[in-house]
Every structure is written in structure tokens, then in C-alpha cells.
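I have placed the structure first, in the form of C-alpha cells, so that the comments after it can refer back to it.
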Amino acid sequence: MVTLFWWSLVFGSSGEGASGSWTAKLLADWFGLSGNALEVTNFVVRKAGHVSYYGILTALIAWSLFGFVFACRLRSVAAASLLALGTGVFDEVRQAQFDSRTGTPIDLIYDSAGIVLAVIVFLRLTRGK
């Protein structure tokens, strides 16, 4: 259930409402940032969002598959990685459909970084299981 919730959160944040200008406005309003500080902070927050969203998604899928579908941790993490990466590709294609968003393959690098981090953590936590 948590996995499906997180997956829907990832999907929902790829819509029109979560654009770069939206996060910039939040950062400006909440922290009084402007100019270069706002631009750099907005970039870092948005890219950290990609890494964390996809890292958490991968970990949740891997745990779900490991517990309910596969008994093999390597198959679980491989399937989870492919599902998360597929979600990232779909997400970028979807974003390209909105005027306020940009779908870019570069964001898939940040998504992949989160996926790799989750794989490392998952494999370390499930070692010997």
C-alpha cells in the first residue's frame, strides 16, 4: 500500500502543478530567496527531489517484490530498478506534454542516481537473506 501511495506521489508531482517556477515561488516565499541564491537552491531542491523520489520508489518496490513475489533479492532489486526507471521515462515524456514543464533525459540521470543508491542500500540490508 505504501508503495502504491509513493508511486502515485511520483506520478502526481510530474504534472503541471510542480513546475520549476512553482518550487522557485515556494522557496522565495518561505525563505526570502532571490536572484542567484534562489536559482541555485531551486536547482538543488529539484534535483535532490529526483534522487530521493526515485530512490525511495526503488526501495519500496524492491521490498514489496522481495517479500511477496520473489524470494531472490537480486531479482527483486533488478525488477524494481527497471520499474522505477520505466516510471522515470514515462514521467519525463509526460512532463514534455505540459507547457509549464520540460521533459529532459538529463533528469533521468538524477532518477538513476536515486535508483543506484536504493539498490546499494537494499543489497546491504538484505545481505545473507
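Going through the C-alpha cells in order, the chains are called A, B, and so on, while each chain numbers its residues from 1 and the ligands are numbered from 1 in the order shown.
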Worksheet item: Could you pull the residues within 9 Å of A:Val121, counting only C-alpha atoms, minus those fewer than 5 positions along the same chain, as an MDAnalysis selection string?
Response: chainID A and resid 59 116 126
Mind writing the picked residues with C-alpha atoms as an mmCIF file, in the first residue's frame?
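Generated output (result.cif):
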data_model
loop_
_atom_site.group_PDB
_atom_site.id
_atom_site.type_symbol
_atom_site.label_atom_id
_atom_site.label_comp_id
_atom_site.auth_asym_id
_atom_site.auth_seq_id
_atom_site.Cartn_x
_atom_site.Cartn_y
_atom_site.Cartn_z
ATOM 1 C CA ALA A 59 13.456 0.672 -2.338
ATOM 2 C CA VAL A 116 21.506 3.109 -7.715
ATOM 3 C CA THR A 126 19.306 -7.904 2.691
#
Fill in: Polymer residues at most 8 Å from stretch 88-104 of chain A, only C-alpha atoms, same-chain spacing of 3 or more positions, as a list in words
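With the cut-off at 8 Å, the set is Phe11, Ser14, Gly15, Glu16, Ser19, Gly20, Tyr54, Ala84, Leu85, Asp107, Leu108 and Asp111 of chain A.
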Item to complete: To one decimal in Å, tell me the separation between atom CA of A:Trp7 and atom CA of A:Ser52.
Response: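 Distance between the two atoms: 12.5 Å.
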Practice prompt. Please identify which residues in chain A DSSP calls helix (DSSP H, G or I) from the backbone, and express them as number ranges by chain.
Written response: A: 2-12, 16-18, 20-31, 35-68, 73-95, 105-125
Fill in: Among listed residues A:Tyr110, A:Val69, A:Gly32, A:Ser64, nearest A:Val45 (using only C-alpha atoms)
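Smallest separation from A:Val45 among the options: A:Tyr110.
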